[in-house]
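*Asks:* My questions all concern the structure below.
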Amino acid sequence: MRHKLKISTITSALLFATLMLSCKDNKKVEKETVLAEEEGFPKIEVSENGHYFQTENGKPFFWLADTGWLTFNKLNRDEIKTYFKDRKEKEYNIIQIMTVHSLGVANVYGDSALVAKDLSKPLTTEGNDFKNADAYDYWDHIDYALEVAKEEGLYLAMVPVWGSPISDGKVNLEQAKTYANFLAERFKDHENIIWLNGGDTFGNKNTEIWKAIGSILKTANPDRLVTFHPRGRTDSSDDFHNENWLDFNMFQSGHRRYDQDDTERAYGQDNYKYVQVDFNLKPAKPTLDGEPSYEGIPQGLHDTLQPLWNDNDLRRYAYWSVFAGAAGFTYGNNHIMQMHENHSKPEAYGSKTYWVDALNDPGAGQMKHLKNLMLEFPYFERVPDKSLVDNQGEKYDFKAATKGEDYALIYVYNGKSIVVNMGKIKGQQVVASWFNPRNGKKTNIGEFKNEGTQEFKPEGEAVDGNDWVLILTSK
């Protein structure tokens, strides 16, 4: 009995100690939670070298966005929760959204954004009680979306007004200024906003208006990042790179094939070429593809009989641009960007798919693999380096390469061999592996001398979409 009592006493003592430690741990967690709440939503900044993003505590921030352009006016409160929750689970951190798509826009509850289609007169009501229709307006719905996004750890990159009302001459400079001041004041307390000035429009037209909107938003809320979302096959750096309000560049590589490109640049599908230009501009600013070809949209956009862009194409755009030095990437889906309703009636660009069903389209779930790969290595030292590849190639044969001091990453889109110029990173030996962009899995290849040239052939056939990343790390 005395022996059993001794064991019981020890057990009780251990249990008491465990409970005390547990209480301390709980208090520690509670304290950390309170501190996190006090610190607020992490502010995003431009990194010291000017090329990437970071949080205010210096951690790398890889821009991974989805285009949910019509969220504010087509989704109800429950649908917003569904959409944001799904995108968070797929590791997106930004949703790009139109604040005002057209001057007559209303939300799903019938609330108009403006009085008499006048951009300088936002239609607001007193209060924000959802249960009282008279006290819940278009702008309250946006407040709600911002709060839901914050709960999911998402930033909303909001276009103040889409480009078409301004390009159509329906908004003058003074109206634009009044509206920009309204936005700055209305949303000043929302920490998870990024402003996408413009909206699928040319920066060299109505330039005075775009400059005024950008300047007002940045001056009123200097902690919010601001950029310009341009027309297809153009870049914010074309017209606004030296503007103080423009924190980073954004280009729209667009939805056309090589043979459909009639622009002076004639980059075709080579979206990495925009990055190459922006990466070398002074002052250095981050850049990224804010609207590539969407998954499930016709090639060329308007002819619905054309083939559809697919997940292979989205991966190609993503890896090409990021390996060229982009600070992130924006995914897009034809059905989600317009929030296609649950019926069979075709909407814009031939969409017949309910947006909820499109949430799990292949490309949507594959983007996180790029984000995680980039964050696996020392982030801020990364630079593009074409000299890594001896057989770089053109068009779909192009092989994009990036490196840090002791690692190199090379992307091939079509399963063809990569001939590497070794000796570009540290070490006498390197460890090589293949990374599969479709599922994020790695396969070890072996160790190699870090000198001369070395050929690496990925598994599978040499066909478009059999894409791989060759990873070399110093030993």
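Convention: chains lettered A, B, ... in structure tokens order; per-chain residue numbering from 1; ligands numbered from 1 as shown.
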Which residues come within 10 Å of A:His343, counting only C-alpha atoms, excluding same-chain residues fewer than 2 positions away, as a count of residues only?
*Replies:* 8
*Asks:* I'd like to know which residues of stretch 367-418 of chain A are strand (DSSP E) (by DSSP, run on the backbone); could you write them as a PyMOL selection string?
*Replies:* chain A and resi 383-384+399-403+407-412+418
*Asks:* Determine, for each residue of stretch 83-166 of chain A having at least one atom at most 12 Å from an atom of stretch 216-221 of chain A, the closest pair of atoms and their separation in Å to one decimal, counting only C-alpha atoms; order by chain and ascending number, as a tab-separated table.
*Replies:*
```
residue	atom	partner	partner_atom	distance
A:Met158	CA	A:Leu217	CA	11.6
A:Val159	CA	A:Leu217	CA	11.5
A:Pro160	CA	A:Leu217	CA	9.6
```
*Asks:* In Å, rounded to a single decimal, give me how far atom CA of A:Thr178 is from atom CA of A:Gln338.
*Replies:* 28.0 Å
*Asks:* Can you tell me, as a PyMOL selection string, what residues are no more than 12 Å from stretch 372-378 of chain A when counting only C-alpha atoms, ignoring any on the same chain fewer than 2 positions away?
*Replies:* chain A and resi 52-54+59-64+90-92+318-319+322-323+325-329+366-370+380-383+402-409+434-437+439-442+469-474
*Asks:* Keeping only N, CA and C atoms, write the selected residues as a compact mmCIF listing (two decimals), in the first residue's frame.
*Replies:*
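Wrote it out as again_26.txt, contents follow:
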```txt
# COMPACT_ATOMS: atom_id res chain seq x y z
N TYR A 52 11.25 43.00 -54.41
CA TYR A 52 10.28 42.05 -53.86
C TYR A 52 9.45 42.69 -52.75
N PHE A 53 8.54 41.91 -52.17
CA PHE A 53 7.73 42.38 -51.06
C PHE A 53 8.17 41.69 -49.77
N GLN A 54 7.90 42.37 -48.68
CA GLN A 54 8.11 41.78 -47.37
C GLN A 54 7.05 42.31 -46.41
N LYS A 59 9.84 39.66 -43.11
CA LYS A 59 9.67 38.33 -43.69
C LYS A 59 9.26 38.44 -45.16
N PRO A 60 9.73 37.51 -46.00
CA PRO A 60 9.35 37.54 -47.42
C PRO A 60 7.84 37.41 -47.59
N PHE A 61 7.31 38.17 -48.54
CA PHE A 61 5.89 38.07 -48.89
C PHE A 61 5.80 37.84 -50.39
N PHE A 62 5.35 36.65 -50.76
CA PHE A 62 5.19 36.30 -52.17
C PHE A 62 3.75 36.59 -52.59
N TRP A 63 3.59 37.52 -53.51
CA TRP A 63 2.26 37.90 -54.01
C TRP A 63 1.66 36.72 -54.77
N LEU A 64 0.59 36.13 -54.25
CA LEU A 64 -0.15 35.09 -54.97
C LEU A 64 -1.62 35.48 -54.94
N LYS A 90 -6.17 27.29 -50.46
CA LYS A 90 -5.26 27.04 -51.59
C LYS A 90 -4.03 27.97 -51.53
N GLU A 91 -3.89 28.67 -50.43
CA GLU A 91 -2.69 29.46 -50.09
C GLU A 91 -2.53 30.74 -50.90
N TYR A 92 -3.62 31.27 -51.45
CA TYR A 92 -3.58 32.61 -52.01
C TYR A 92 -3.54 33.60 -50.84
N ALA A 318 3.33 31.67 -64.90
CA ALA A 318 3.76 31.90 -63.52
C ALA A 318 5.26 31.71 -63.36
N TYR A 319 5.77 30.57 -63.80
CA TYR A 319 7.18 30.27 -63.60
C TYR A 319 8.08 31.13 -64.48
N VAL A 322 8.09 34.72 -62.70
CA VAL A 322 8.73 34.75 -61.39
C VAL A 322 10.22 34.46 -61.50
N PHE A 323 10.60 33.50 -62.33
CA PHE A 323 12.03 33.21 -62.48
C PHE A 323 12.77 34.35 -63.17
N GLY A 325 12.28 37.35 -62.30
CA GLY A 325 12.47 38.36 -61.26
C GLY A 325 11.20 38.98 -60.72
N ALA A 326 10.04 38.47 -61.10
CA ALA A 326 8.78 39.02 -60.61
C ALA A 326 8.60 38.73 -59.12
N ALA A 327 7.85 39.60 -58.45
CA ALA A 327 7.63 39.49 -57.00
C ALA A 327 6.44 38.63 -56.65
N GLY A 328 5.85 37.98 -57.63
CA GLY A 328 4.70 37.13 -57.41
C GLY A 328 3.95 36.93 -58.71
N PHE A 329 2.70 36.49 -58.58
CA PHE A 329 1.92 36.15 -59.77
C PHE A 329 0.44 36.20 -59.44
N GLN A 366 -2.66 24.57 -58.19
CA GLN A 366 -1.24 24.34 -58.47
C GLN A 366 -0.35 25.55 -58.18
N MET A 367 -0.96 26.73 -58.05
CA MET A 367 -0.17 27.94 -57.88
C MET A 367 0.61 27.96 -56.56
N LYS A 368 0.07 27.32 -55.53
CA LYS A 368 0.75 27.32 -54.23
C LYS A 368 2.11 26.65 -54.30
N HIS A 369 2.29 25.73 -55.23
CA HIS A 369 3.58 25.04 -55.32
C HIS A 369 4.70 26.01 -55.71
N LEU A 370 4.39 26.95 -56.58
CA LEU A 370 5.38 27.97 -56.94
C LEU A 370 5.70 28.85 -55.74
N PHE A 380 15.49 37.15 -50.67
CA PHE A 380 15.84 38.49 -51.14
C PHE A 380 17.12 38.53 -51.97
N GLU A 381 17.92 37.48 -51.92
CA GLU A 381 19.16 37.45 -52.71
C GLU A 381 18.93 36.94 -54.12
N ARG A 382 17.71 36.48 -54.39
CA ARG A 382 17.42 35.85 -55.68
C ARG A 382 17.48 36.85 -56.83
N VAL A 383 18.12 36.42 -57.92
CA VAL A 383 18.20 37.24 -59.13
C VAL A 383 17.95 36.35 -60.35
N THR A 402 16.73 31.26 -62.47
CA THR A 402 16.95 32.20 -61.37
C THR A 402 17.88 31.55 -60.36
N LYS A 403 18.53 32.37 -59.54
CA LYS A 403 19.48 31.78 -58.59
C LYS A 403 19.69 32.69 -57.39
N GLY A 404 20.24 32.07 -56.33
CA GLY A 404 20.79 32.78 -55.19
C GLY A 404 22.25 32.41 -55.08
N GLU A 405 22.87 32.63 -53.95
CA GLU A 405 24.28 32.33 -53.80
C GLU A 405 24.57 30.84 -53.86
N ASP A 406 23.67 30.04 -53.28
CA ASP A 406 23.95 28.60 -53.22
C ASP A 406 22.80 27.75 -53.76
N TYR A 407 21.99 28.32 -54.65
CA TYR A 407 20.93 27.54 -55.29
C TYR A 407 20.61 28.12 -56.66
N ALA A 408 20.10 27.27 -57.52
CA ALA A 408 19.65 27.70 -58.85
C ALA A 408 18.40 26.92 -59.20
N LEU A 409 17.47 27.60 -59.88
CA LEU A 409 16.21 27.00 -60.30
C LEU A 409 16.03 27.27 -61.79
N TRP A 434 14.54 17.19 -59.35
CA TRP A 434 13.44 17.69 -60.17
C TRP A 434 12.28 18.06 -59.26
N PHE A 435 11.66 19.19 -59.57
CA PHE A 435 10.46 19.66 -58.87
C PHE A 435 9.31 19.64 -59.85
N ASN A 436 8.20 19.03 -59.46
CA ASN A 436 7.04 18.89 -60.33
C ASN A 436 6.05 20.02 -60.04
N PRO A 437 5.87 20.99 -60.94
CA PRO A 437 4.96 22.13 -60.69
C PRO A 437 3.50 21.73 -60.59
N ASN A 439 2.31 19.07 -58.85
CA ASN A 439 1.95 18.55 -57.53
C ASN A 439 2.91 18.95 -56.41
N GLY A 440 3.98 19.66 -56.76
CA GLY A 440 4.92 20.14 -55.74
C GLY A 440 5.88 19.10 -55.22
N LYS A 441 5.93 17.91 -55.84
CA LYS A 441 6.81 16.85 -55.35
C LYS A 441 8.20 16.95 -55.97
N LYS A 442 9.19 16.47 -55.20
CA LYS A 442 10.58 16.49 -55.66
C LYS A 442 11.10 15.07 -55.87
N VAL A 469 10.91 21.87 -62.88
CA VAL A 469 11.93 22.79 -62.38
C VAL A 469 13.14 21.97 -61.96
N LEU A 470 14.28 22.29 -62.52
CA LEU A 470 15.54 21.69 -62.09
C LEU A 470 16.07 22.50 -60.92
N ILE A 471 16.31 21.85 -59.79
CA ILE A 471 16.83 22.51 -58.61
C ILE A 471 18.28 22.07 -58.40
N LEU A 472 19.17 23.02 -58.28
CA LEU A 472 20.58 22.77 -57.97
C LEU A 472 20.91 23.49 -56.67
N THR A 473 21.47 22.76 -55.71
CA THR A 473 21.86 23.38 -54.44
C THR A 473 23.32 23.04 -54.15
N SER A 474 24.03 24.00 -53.61
CA SER A 474 25.45 23.81 -53.29
C SER A 474 25.61 22.77 -52.19
```
*Asks:* Which residues are near A:Gly300? Cut-off 7 Å, only C-alpha atoms, ignore same chain within fewer than 3 positions. Put them as JSON, numbers by chain.
*Replies:* {"A": [255, 256, 257, 260, 303]}
*Asks:* Smallest atom-to-atom distance to A:His101: which of A:Trp69, A:Tyr179, A:Phe187, A:Phe251, using only C-alpha atoms?
*Replies:* A:Trp69
*Asks:* Near A:Leu388, within 9 Å and counting only C-alpha atoms, which residues show up once chain neighbours fewer than 4 positions away are dropped, as a list of chain:residue names?
*Replies:*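 Counting only C-alpha atoms, the residues come to A:Gln392, A:Ala401, A:Thr402, A:Lys403, A:Ala408, A:Ile410, A:Val419, A:Val420, A:Asn421, A:Met422, A:Gly423, A:Lys424.
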*Asks:* Show which residues sit within 12 Å of A:Gly214, as a PyMOL selection string. Count only C-alpha atoms, and ignore same-chain residues fewer than 2 positions away.
*Replies:* chain A and resi 159-161+176-177+179-181+183-184+194-198+203+207-212+216-222+224-229+240+243-247
*Asks:* Now that the selection is made, can you save its residues with N, CA and C atoms as a compact mmCIF listing (two decimals), in the first residue's frame?
*Replies:*
```
# COMPACT_ATOMS: atom_id res chain seq x y z
N VAL A 159 -9.53 47.73 -57.26
CA VAL A 159 -9.52 48.73 -58.33
C VAL A 159 -10.56 49.79 -57.98
N PRO A 160 -10.18 51.05 -57.77
CA PRO A 160 -11.17 52.08 -57.38
C PRO A 160 -12.33 52.18 -58.35
N VAL A 161 -12.02 52.32 -59.64
CA VAL A 161 -13.05 52.35 -60.68
C VAL A 161 -12.43 51.75 -61.93
N ALA A 176 -13.33 62.42 -60.23
CA ALA A 176 -12.36 61.39 -59.85
C ALA A 176 -11.68 61.74 -58.53
N LYS A 177 -11.31 63.00 -58.36
CA LYS A 177 -10.66 63.45 -57.12
C LYS A 177 -11.59 63.29 -55.93
N TYR A 179 -14.10 61.28 -55.59
CA TYR A 179 -14.28 59.85 -55.34
C TYR A 179 -13.05 59.25 -54.64
N ALA A 180 -11.86 59.60 -55.10
CA ALA A 180 -10.63 59.07 -54.49
C ALA A 180 -10.53 59.50 -53.02
N ASN A 181 -10.91 60.72 -52.73
CA ASN A 181 -10.92 61.19 -51.34
C ASN A 181 -11.93 60.43 -50.49
N LEU A 183 -12.87 57.28 -51.01
CA LEU A 183 -12.30 55.96 -50.77
C LEU A 183 -11.25 56.00 -49.66
N ALA A 184 -10.37 56.99 -49.74
CA ALA A 184 -9.30 57.10 -48.77
C ALA A 184 -9.83 57.26 -47.35
N ILE A 194 -4.93 46.87 -50.78
CA ILE A 194 -3.93 47.31 -51.75
C ILE A 194 -4.71 47.98 -52.87
N TRP A 195 -4.23 49.10 -53.36
CA TRP A 195 -4.98 49.81 -54.41
C TRP A 195 -4.40 49.51 -55.79
N LEU A 196 -5.28 49.04 -56.68
CA LEU A 196 -4.93 48.86 -58.08
C LEU A 196 -5.58 49.98 -58.88
N ASN A 197 -4.89 51.08 -59.00
CA ASN A 197 -5.39 52.19 -59.80
C ASN A 197 -5.54 51.72 -61.25
N GLY A 198 -6.36 52.39 -62.02
CA GLY A 198 -6.55 52.00 -63.42
C GLY A 198 -7.66 50.99 -63.56
N GLY A 203 -2.55 53.65 -69.78
CA GLY A 203 -2.03 54.70 -68.92
C GLY A 203 -1.72 55.99 -69.65
N THR A 207 -4.44 60.30 -68.49
CA THR A 207 -3.33 60.16 -67.55
C THR A 207 -3.49 61.07 -66.33
N GLU A 208 -4.01 62.26 -66.54
CA GLU A 208 -4.17 63.21 -65.44
C GLU A 208 -5.11 62.66 -64.37
N ILE A 209 -6.16 61.99 -64.82
CA ILE A 209 -7.12 61.40 -63.87
C ILE A 209 -6.46 60.27 -63.07
N TRP A 210 -5.73 59.40 -63.76
CA TRP A 210 -5.09 58.27 -63.06
C TRP A 210 -4.04 58.75 -62.08
N LYS A 211 -3.31 59.77 -62.47
CA LYS A 211 -2.31 60.32 -61.55
C LYS A 211 -2.97 60.92 -60.32
N ALA A 212 -4.09 61.59 -60.51
CA ALA A 212 -4.79 62.22 -59.38
C ALA A 212 -5.31 61.16 -58.41
N ILE A 216 -3.84 60.79 -54.54
CA ILE A 216 -4.74 60.98 -53.39
C ILE A 216 -4.74 59.74 -52.49
N LEU A 217 -4.86 58.57 -53.09
CA LEU A 217 -4.90 57.34 -52.30
C LEU A 217 -3.60 57.13 -51.53
N LYS A 218 -2.48 57.41 -52.15
CA LYS A 218 -1.19 57.20 -51.49
C LYS A 218 -0.93 58.25 -50.42
N THR A 219 -1.27 59.49 -50.69
CA THR A 219 -1.03 60.57 -49.74
C THR A 219 -1.89 60.39 -48.49
N ALA A 220 -3.14 59.99 -48.67
CA ALA A 220 -4.05 59.85 -47.54
C ALA A 220 -3.73 58.63 -46.69
N ASN A 221 -3.29 57.56 -47.33
CA ASN A 221 -2.98 56.32 -46.62
C ASN A 221 -1.62 55.79 -47.08
N PRO A 222 -0.53 56.39 -46.62
CA PRO A 222 0.80 56.04 -47.13
C PRO A 222 1.23 54.61 -46.85
N ARG A 224 -0.58 51.99 -47.46
CA ARG A 224 -1.20 51.09 -48.42
C ARG A 224 -0.40 51.09 -49.72
N LEU A 225 -0.10 49.91 -50.23
CA LEU A 225 0.58 49.82 -51.51
C LEU A 225 -0.36 50.25 -52.64
N VAL A 226 0.21 50.91 -53.65
CA VAL A 226 -0.57 51.38 -54.79
C VAL A 226 0.17 51.02 -56.08
N THR A 227 -0.57 50.53 -57.07
CA THR A 227 -0.01 50.30 -58.40
C THR A 227 -1.05 50.68 -59.44
N PHE A 228 -0.80 50.32 -60.70
CA PHE A 228 -1.70 50.62 -61.80
C PHE A 228 -1.94 49.34 -62.58
N HIS A 229 -3.19 48.95 -62.72
CA HIS A 229 -3.56 47.76 -63.50
C HIS A 229 -3.84 48.19 -64.94
N PHE A 240 3.95 55.32 -65.60
CA PHE A 240 3.90 55.77 -64.20
C PHE A 240 5.08 55.34 -63.34
N GLU A 243 6.33 57.85 -60.84
CA GLU A 243 5.37 58.51 -59.96
C GLU A 243 5.59 58.07 -58.51
N ASN A 244 5.56 59.03 -57.59
CA ASN A 244 5.81 58.70 -56.18
C ASN A 244 4.74 57.78 -55.59
N TRP A 245 3.54 57.82 -56.15
CA TRP A 245 2.47 56.99 -55.60
C TRP A 245 2.55 55.54 -56.06
N LEU A 246 3.31 55.26 -57.10
CA LEU A 246 3.39 53.91 -57.64
C LEU A 246 4.47 53.12 -56.90
N ASP A 247 4.04 52.19 -56.04
CA ASP A 247 4.98 51.41 -55.24
C ASP A 247 5.57 50.24 -55.99
```
*Asks:* Can you tell me, as a PyMOL selection string, which residues in stretch 71-256 of chain A count as helix (DSSP H, G or I) by DSSP?
*Replies:* chain A and resi 71-74+77-89+133-135+138-151+163-167+173-186+207-220+237-240
*Asks:* Could you write out the selected residues, including C-alpha atoms, as a PDB file, in the first residue's frame?
*Replies:*
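What landed in out-v7.pdb:
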```pdb
ATOM      1  CA  THR A  71     -17.007  39.730 -55.940  1.00  0.00           C
ATOM      2  CA  PHE A  72     -18.460  42.916 -54.452  1.00  0.00           C
ATOM      3  CA  ASN A  73     -21.482  43.131 -56.706  1.00  0.00           C
ATOM      4  CA  LYS A  74     -22.292  39.487 -57.552  1.00  0.00           C
ATOM      5  CA  ARG A  77     -22.311  37.369 -47.720  1.00  0.00           C
ATOM      6  CA  ASP A  78     -22.269  33.579 -47.508  1.00  0.00           C
ATOM      7  CA  GLU A  79     -20.757  33.279 -50.985  1.00  0.00           C
ATOM      8  CA  ILE A  80     -18.003  35.716 -50.058  1.00  0.00           C
ATOM      9  CA  LYS A  81     -17.164  33.480 -47.099  1.00  0.00           C
ATOM     10  CA  THR A  82     -17.096  30.413 -49.356  1.00  0.00           C
ATOM     11  CA  TYR A  83     -14.848  32.064 -51.925  1.00  0.00           C
ATOM     12  CA  PHE A  84     -12.357  33.591 -49.493  1.00  0.00           C
ATOM     13  CA  LYS A  85     -12.138  30.426 -47.399  1.00  0.00           C
ATOM     14  CA  ASP A  86     -11.368  28.350 -50.481  1.00  0.00           C
ATOM     15  CA  ARG A  87      -8.678  30.734 -51.703  1.00  0.00           C
ATOM     16  CA  LYS A  88      -7.046  30.834 -48.282  1.00  0.00           C
ATOM     17  CA  GLU A  89      -6.985  27.016 -48.194  1.00  0.00           C
ATOM     18  CA  ALA A 133     -32.104  46.828 -45.581  1.00  0.00           C
ATOM     19  CA  ASP A 134     -32.231  50.598 -45.194  1.00  0.00           C
ATOM     20  CA  ALA A 135     -29.087  50.563 -43.075  1.00  0.00           C
ATOM     21  CA  TYR A 138     -23.107  48.880 -51.241  1.00  0.00           C
ATOM     22  CA  TRP A 139     -20.194  50.248 -49.245  1.00  0.00           C
ATOM     23  CA  ASP A 140     -21.190  48.356 -46.097  1.00  0.00           C
ATOM     24  CA  HIS A 141     -21.049  45.194 -48.185  1.00  0.00           C
ATOM     25  CA  ILE A 142     -17.461  46.020 -49.106  1.00  0.00           C
ATOM     26  CA  ASP A 143     -16.676  46.617 -45.418  1.00  0.00           C
ATOM     27  CA  TYR A 144     -18.076  43.171 -44.701  1.00  0.00           C
ATOM     28  CA  ALA A 145     -15.955  41.576 -47.439  1.00  0.00           C
ATOM     29  CA  LEU A 146     -12.840  43.264 -46.081  1.00  0.00           C
ATOM     30  CA  GLU A 147     -13.530  41.904 -42.608  1.00  0.00           C
ATOM     31  CA  VAL A 148     -14.107  38.373 -43.911  1.00  0.00           C
ATOM     32  CA  ALA A 149     -10.889  38.649 -45.922  1.00  0.00           C
ATOM     33  CA  LYS A 150      -9.025  39.793 -42.818  1.00  0.00           C
ATOM     34  CA  GLU A 151     -10.296  36.772 -40.883  1.00  0.00           C
ATOM     35  CA  GLY A 163     -11.077  51.939 -66.719  1.00  0.00           C
ATOM     36  CA  SER A 164     -14.046  51.908 -69.106  1.00  0.00           C
ATOM     37  CA  PRO A 165     -16.193  54.650 -67.464  1.00  0.00           C
ATOM     38  CA  ILE A 166     -13.218  56.988 -67.579  1.00  0.00           C
ATOM     39  CA  SER A 167     -12.093  56.038 -71.076  1.00  0.00           C
ATOM     40  CA  LEU A 173     -11.028  65.037 -63.154  1.00  0.00           C
ATOM     41  CA  GLU A 174     -12.926  66.693 -60.312  1.00  0.00           C
ATOM     42  CA  GLN A 175     -15.319  63.767 -59.970  1.00  0.00           C
ATOM     43  CA  ALA A 176     -12.365  61.390 -59.845  1.00  0.00           C
ATOM     44  CA  LYS A 177     -10.663  63.450 -57.124  1.00  0.00           C
ATOM     45  CA  THR A 178     -13.809  63.596 -55.007  1.00  0.00           C
ATOM     46  CA  TYR A 179     -14.276  59.852 -55.339  1.00  0.00           C
ATOM     47  CA  ALA A 180     -10.634  59.071 -54.486  1.00  0.00           C
ATOM     48  CA  ASN A 181     -10.915  61.189 -51.338  1.00  0.00           C
ATOM     49  CA  PHE A 182     -14.078  59.321 -50.390  1.00  0.00           C
ATOM     50  CA  LEU A 183     -12.301  55.956 -50.769  1.00  0.00           C
ATOM     51  CA  ALA A 184      -9.295  57.098 -48.766  1.00  0.00           C
ATOM     52  CA  GLU A 185     -11.471  58.271 -45.885  1.00  0.00           C
ATOM     53  CA  ARG A 186     -14.024  55.457 -46.023  1.00  0.00           C
ATOM     54  CA  THR A 207      -3.335  60.161 -67.551  1.00  0.00           C
ATOM     55  CA  GLU A 208      -4.169  63.211 -65.440  1.00  0.00           C
ATOM     56  CA  ILE A 209      -7.117  61.397 -63.866  1.00  0.00           C
ATOM     57  CA  TRP A 210      -5.093  58.268 -63.065  1.00  0.00           C
ATOM     58  CA  LYS A 211      -2.308  60.317 -61.550  1.00  0.00           C
ATOM     59  CA  ALA A 212      -4.786  62.220 -59.381  1.00  0.00           C
ATOM     60  CA  ILE A 213      -6.437  59.034 -58.076  1.00  0.00           C
ATOM     61  CA  GLY A 214      -3.101  57.399 -57.344  1.00  0.00           C
ATOM     62  CA  SER A 215      -1.682  60.457 -55.621  1.00  0.00           C
ATOM     63  CA  ILE A 216      -4.736  60.981 -53.391  1.00  0.00           C
ATOM     64  CA  LEU A 217      -4.897  57.338 -52.302  1.00  0.00           C
ATOM     65  CA  LYS A 218      -1.189  57.202 -51.487  1.00  0.00           C
ATOM     66  CA  THR A 219      -1.031  60.568 -49.738  1.00  0.00           C
ATOM     67  CA  ALA A 220      -4.051  59.846 -47.544  1.00  0.00           C
ATOM     68  CA  SER A 237       5.984  51.265 -65.990  1.00  0.00           C
ATOM     69  CA  ASP A 238       5.177  52.586 -69.462  1.00  0.00           C
ATOM     70  CA  ASP A 239       3.568  55.691 -67.985  1.00  0.00           C
ATOM     71  CA  PHE A 240       3.898  55.774 -64.200  1.00  0.00           C
TER      72      PHE A 240
END
```
*Asks:* Excluding A:Gly363 and residues on its chain fewer than 4 positions from it, collect all residues at most 10 Å away from it, counting only C-alpha atoms, and give them as a PyMOL selection string.
*Replies:* chain A and resi 294-296+310-315+331-333+359+367-368+438
*Asks:* Taking into account only C-alpha atoms, which residue in the set A:Tyr272, A:Phe279, A:Trp320, A:Tyr349 is nearest to A:Gln306?
*Replies:*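 Result for the nearest residue to A:Gln306: A:Tyr349.
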*Asks:* For A:Val46, which residue among A:Pro307, A:Gly427, A:Pro286, A:Gly268 is the nearest when counting only C-alpha atoms?
*Replies:* A:Pro286
*Asks:* For atom CA of A:Gly350 and atom CA of A:Ile297, determine how far apart the two atoms are, in Å to one decimal place.
*Replies:*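 We find that atom CA of A:Gly350 and atom CA of A:Ile297 lie 7.6 Å from each other.
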